[in-house]
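What follows is run04.cif (mmCIF, C-alpha atoms).
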```
data_data
loop_
_atom_site.group_PDB
_atom_site.id
_atom_site.type_symbol
_atom_site.label_atom_id
_atom_site.label_comp_id
_atom_site.auth_asym_id
_atom_site.auth_seq_id
_atom_site.Cartn_x
_atom_site.Cartn_y
_atom_site.Cartn_z
ATOM 1 C CA MET A 8 132.844 37.691 135.948
ATOM 2 C CA GLN A 9 133.058 36.677 139.610
ATOM 3 C CA GLU A 10 130.888 33.600 138.962
ATOM 4 C CA LEU A 11 133.179 32.487 136.121
ATOM 5 C CA GLN A 12 136.201 32.873 138.385
ATOM 6 C CA ASN A 13 134.498 30.860 141.152
ATOM 7 C CA ASN A 14 133.644 28.137 138.637
ATOM 8 C CA ILE A 15 137.237 27.849 137.424
ATOM 9 C CA HIS A 16 138.483 27.632 141.014
ATOM 10 C CA GLU A 17 135.986 24.886 141.698
ATOM 11 C CA LEU A 18 137.173 23.007 138.597
ATOM 12 C CA PHE A 19 140.775 23.250 139.784
ATOM 13 C CA ILE A 20 139.798 21.920 143.218
ATOM 14 C CA ALA A 21 137.955 18.987 141.654
ATOM 15 C CA ARG A 22 140.899 18.179 139.377
ATOM 16 C CA ASP A 23 143.323 18.331 142.321
ATOM 17 C CA ILE A 24 141.118 16.035 144.406
ATOM 18 C CA MET A 25 140.975 13.509 141.573
ATOM 19 C CA ASP A 26 144.758 13.769 141.101
ATOM 20 C CA MET A 27 145.198 12.972 144.795
ATOM 21 C CA ALA A 28 142.731 10.082 144.551
ATOM 22 C CA ASN A 29 144.737 8.616 141.668
ATOM 23 C CA GLU A 30 148.065 9.125 143.375
ATOM 24 C CA TYR A 31 146.912 7.685 146.707
ATOM 25 C CA ALA A 32 144.381 5.148 145.422
ATOM 26 C CA LYS A 33 145.775 2.403 147.658
ATOM 27 C CA ASP A 34 145.795 4.571 150.777
ATOM 28 C CA PHE A 35 142.260 4.044 151.991
ATOM 29 C CA TYR A 36 142.623 6.534 154.843
ATOM 30 C CA ILE A 37 143.286 9.311 152.297
ATOM 31 C CA LEU A 38 140.412 8.097 150.126
ATOM 32 C CA GLU A 39 138.135 8.313 153.158
ATOM 33 C CA GLN A 40 139.259 11.896 153.798
ATOM 34 C CA LEU A 41 138.761 12.877 150.151
ATOM 35 C CA SER A 42 135.356 11.212 150.199
ATOM 36 C CA ASP A 43 134.327 13.186 153.291
ATOM 37 C CA PHE A 44 135.625 16.404 151.763
ATOM 38 C CA THR A 45 133.714 15.929 148.501
ATOM 39 C CA PHE A 46 130.553 15.011 150.420
ATOM 40 C CA ASN A 47 130.734 18.373 152.176
ATOM 41 C CA LEU A 48 131.474 20.213 148.942
ATOM 42 C CA ALA A 49 128.394 18.604 147.405
ATOM 43 C CA ARG A 50 126.271 19.995 150.229
ATOM 44 C CA LEU A 51 127.800 23.474 149.983
ATOM 45 C CA HIS A 52 127.529 23.764 146.208
ATOM 46 C CA GLU A 53 124.215 22.258 145.185
ATOM 47 C CA ASP A 54 124.178 24.277 141.937
ATOM 48 C CA SER A 55 127.817 23.596 141.185
ATOM 49 C CA THR A 56 129.618 23.234 137.890
ATOM 50 C CA VAL A 57 131.247 20.108 139.341
ATOM 51 C CA ASP A 58 129.241 16.957 140.028
ATOM 52 C CA TRP A 59 130.504 16.564 143.586
ATOM 53 C CA ASP A 60 127.919 13.880 144.395
ATOM 54 C CA THR A 61 129.305 11.573 141.707
ATOM 55 C CA ILE A 62 132.902 12.210 142.737
ATOM 56 C CA PHE A 63 131.935 11.550 146.356
ATOM 57 C CA SER A 64 130.139 8.345 145.397
ATOM 58 C CA ILE A 65 133.136 6.958 143.500
ATOM 59 C CA LEU A 66 135.589 7.848 146.268
ATOM 60 C CA ASP A 67 133.254 6.413 148.898
ATOM 61 C CA GLN A 68 132.891 3.156 146.959
ATOM 62 C CA ALA A 69 136.662 2.845 146.588
ATOM 63 C CA TYR A 70 137.153 3.478 150.307
ATOM 64 C CA SER A 71 134.252 1.325 151.530
ATOM 65 C CA ASN A 72 135.166 -1.622 149.312
ATOM 66 C CA LYS A 73 138.912 -1.164 149.806
ATOM 67 C CA ASN A 74 139.170 -1.359 146.018
ATOM 68 C CA ALA A 75 141.588 1.129 144.441
ATOM 69 C CA SER A 76 140.579 0.190 140.887
ATOM 70 C CA ILE A 77 137.206 1.927 141.381
ATOM 71 C CA ILE A 78 139.090 5.230 141.142
ATOM 72 C CA ARG A 79 139.313 4.674 137.362
ATOM 73 C CA GLN A 80 135.624 5.617 137.208
ATOM 74 C CA LEU A 81 136.723 9.219 137.777
ATOM 75 C CA GLU A 82 138.473 9.346 134.375
ATOM 76 C CA PRO A 83 135.511 10.640 132.295
ATOM 77 C CA ILE A 84 134.794 13.327 134.889
ATOM 78 C CA TYR A 85 138.486 14.240 134.985
ATOM 79 C CA ARG A 86 138.632 14.605 131.187
ATOM 80 C CA LYS A 87 135.506 16.772 131.183
ATOM 81 C CA ILE A 88 136.889 19.030 133.913
ATOM 82 C CA ASN A 89 140.248 19.331 132.152
ATOM 83 C CA ALA A 90 138.469 20.282 128.932
ATOM 84 C CA SER A 91 136.490 22.958 130.780
ATOM 85 C CA ILE A 92 139.675 24.349 132.311
ATOM 86 C CA ASN A 93 141.424 24.367 128.936
ATOM 87 C CA ASN A 94 138.420 26.075 127.293
ATOM 88 C CA SER A 95 138.407 28.688 130.025
ATOM 89 C CA HIS A 96 142.104 29.396 129.468
ATOM 90 C CA ALA A 97 141.604 29.587 125.695
ATOM 91 C CA THR A 98 138.704 32.014 126.130
ATOM 92 C CA LYS A 99 140.737 34.117 128.541
ATOM 93 C CA ALA A 100 143.702 34.202 126.147
ATOM 94 C CA LYS A 101 141.498 35.527 123.310
ATOM 95 C CA ARG A 102 140.458 38.573 125.364
#
```

Render the structure in this file as structure tokens.
Amino acid sequence: MQELQNNIHELFIARDIMDMANEYAKDFYILEQLSDFTFNLARLHEDSTVDWDTIFSILDQAYSNKNASIIRQLEPIYRKINASINNSHATKAKR
């Protein structure tokens, strides 16, 4: 049960980070901070439900290239995470 709860929290964190990346896509200082944060999360959670390395890579590319449009590459990951969150809520509601 605890592992499931940790996973859902991690999914919420990932979704919030991607929301911030979308909202502040043209603020490269914020993208750099989000990139650094996800890099560290990737190192902390090597067996994570979230693919932090990919999120880091996309944020780092956007920051390094000063290209906000790269953030769009997060969309498939965002949809997958949202689906996992919604499935978790649906499962919880059935209990």

Target residues per the PyMOL selection byres ((chain A and resi 20) around 12), formatted as a PyMOL selection string: chain A and resi 13-19+21-27+41+44-45+48+56-57+59+62+85+88-89+92

Mind dumping the selected residues with C-alpha atoms as an mmCIF file, in the coordinates of the input?
```
data_model
loop_
_atom_site.group_PDB
_atom_site.id
_atom_site.type_symbol
_atom_site.label_atom_id
_atom_site.label_comp_id
_atom_site.auth_asym_id
_atom_site.auth_seq_id
_atom_site.Cartn_x
_atom_site.Cartn_y
_atom_site.Cartn_z
ATOM 1 C CA ASN A 13 134.498 30.860 141.152
ATOM 2 C CA ASN A 14 133.644 28.137 138.637
ATOM 3 C CA ILE A 15 137.237 27.849 137.424
ATOM 4 C CA HIS A 16 138.483 27.632 141.014
ATOM 5 C CA GLU A 17 135.986 24.886 141.698
ATOM 6 C CA LEU A 18 137.173 23.007 138.597
ATOM 7 C CA PHE A 19 140.775 23.250 139.784
ATOM 8 C CA ALA A 21 137.955 18.987 141.654
ATOM 9 C CA ARG A 22 140.899 18.179 139.377
ATOM 10 C CA ASP A 23 143.323 18.331 142.321
ATOM 11 C CA ILE A 24 141.118 16.035 144.406
ATOM 12 C CA MET A 25 140.975 13.509 141.573
ATOM 13 C CA ASP A 26 144.758 13.769 141.101
ATOM 14 C CA MET A 27 145.198 12.972 144.795
ATOM 15 C CA LEU A 41 138.761 12.877 150.151
ATOM 16 C CA PHE A 44 135.625 16.404 151.763
ATOM 17 C CA THR A 45 133.714 15.929 148.501
ATOM 18 C CA LEU A 48 131.474 20.213 148.942
ATOM 19 C CA THR A 56 129.618 23.234 137.890
ATOM 20 C CA VAL A 57 131.247 20.108 139.341
ATOM 21 C CA TRP A 59 130.504 16.564 143.586
ATOM 22 C CA ILE A 62 132.902 12.210 142.737
ATOM 23 C CA TYR A 85 138.486 14.240 134.985
ATOM 24 C CA ILE A 88 136.889 19.030 133.913
ATOM 25 C CA ASN A 89 140.248 19.331 132.152
ATOM 26 C CA ILE A 92 139.675 24.349 132.311
#
```

Within 12 Å of Leu66 of chain A using all atoms listed in the file, minus same-chain residues under 2 positions, as a PDB file with C-alpha atoms, in the frame of the given file:
```pdb
ATOM      1  CA  ILE A  24     141.118  16.035 144.406  1.00  0.00           C
ATOM      2  CA  MET A  25     140.975  13.509 141.573  1.00  0.00           C
ATOM      3  CA  MET A  27     145.198  12.972 144.795  1.00  0.00           C
ATOM      4  CA  ALA A  28     142.731  10.082 144.551  1.00  0.00           C
ATOM      5  CA  ASN A  29     144.737   8.616 141.668  1.00  0.00           C
ATOM      6  CA  TYR A  31     146.912   7.685 146.707  1.00  0.00           C
ATOM      7  CA  ALA A  32     144.381   5.148 145.422  1.00  0.00           C
ATOM      8  CA  LYS A  33     145.775   2.403 147.658  1.00  0.00           C
ATOM      9  CA  ASP A  34     145.795   4.571 150.777  1.00  0.00           C
ATOM     10  CA  PHE A  35     142.260   4.044 151.991  1.00  0.00           C
ATOM     11  CA  TYR A  36     142.623   6.534 154.843  1.00  0.00           C
ATOM     12  CA  ILE A  37     143.286   9.311 152.297  1.00  0.00           C
ATOM     13  CA  LEU A  38     140.412   8.097 150.126  1.00  0.00           C
ATOM     14  CA  GLU A  39     138.135   8.313 153.158  1.00  0.00           C
ATOM     15  CA  GLN A  40     139.259  11.896 153.798  1.00  0.00           C
ATOM     16  CA  LEU A  41     138.761  12.877 150.151  1.00  0.00           C
ATOM     17  CA  SER A  42     135.356  11.212 150.199  1.00  0.00           C
ATOM     18  CA  ASP A  43     134.327  13.186 153.291  1.00  0.00           C
ATOM     19  CA  PHE A  44     135.625  16.404 151.763  1.00  0.00           C
ATOM     20  CA  THR A  45     133.714  15.929 148.501  1.00  0.00           C
ATOM     21  CA  PHE A  46     130.553  15.011 150.420  1.00  0.00           C
ATOM     22  CA  TRP A  59     130.504  16.564 143.586  1.00  0.00           C
ATOM     23  CA  ASP A  60     127.919  13.880 144.395  1.00  0.00           C
ATOM     24  CA  THR A  61     129.305  11.573 141.707  1.00  0.00           C
ATOM     25  CA  ILE A  62     132.902  12.210 142.737  1.00  0.00           C
ATOM     26  CA  PHE A  63     131.935  11.550 146.356  1.00  0.00           C
ATOM     27  CA  SER A  64     130.139   8.345 145.397  1.00  0.00           C
ATOM     28  CA  GLN A  68     132.891   3.156 146.959  1.00  0.00           C
ATOM     29  CA  ALA A  69     136.662   2.845 146.588  1.00  0.00           C
ATOM     30  CA  TYR A  70     137.153   3.478 150.307  1.00  0.00           C
ATOM     31  CA  SER A  71     134.252   1.325 151.530  1.00  0.00           C
ATOM     32  CA  ASN A  72     135.166  -1.622 149.312  1.00  0.00           C
ATOM     33  CA  LYS A  73     138.912  -1.164 149.806  1.00  0.00           C
ATOM     34  CA  ASN A  74     139.170  -1.359 146.018  1.00  0.00           C
ATOM     35  CA  ALA A  75     141.588   1.129 144.441  1.00  0.00           C
ATOM     36  CA  SER A  76     140.579   0.190 140.887  1.00  0.00           C
ATOM     37  CA  ILE A  77     137.206   1.927 141.381  1.00  0.00           C
ATOM     38  CA  ILE A  78     139.090   5.230 141.142  1.00  0.00           C
ATOM     39  CA  ARG A  79     139.313   4.674 137.362  1.00  0.00           C
ATOM     40  CA  GLN A  80     135.624   5.617 137.208  1.00  0.00           C
ATOM     41  CA  LEU A  81     136.723   9.219 137.777  1.00  0.00           C
TER      42      LEU A  81
END
```

Around segment 44-61 of chain A, with edges along x, y and z and 3 Å added on all six sides, what centre and edge lengths do you get, in Å to one decimal, as JSON?
```
{"center_x": 129.9, "center_y": 17.9, "center_z": 145.0, "size_x": 17.4, "size_y": 18.7, "size_z": 20.3}
```

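Here atom CA of Ile65 of chain A and atom CA of Pro83 of chain A stand 12.0 Å from one another.
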
Atomic separation - atom CA of Glu30 of chain A relative to atom CA of Ala49 of chain A, Å: 22.2 Å
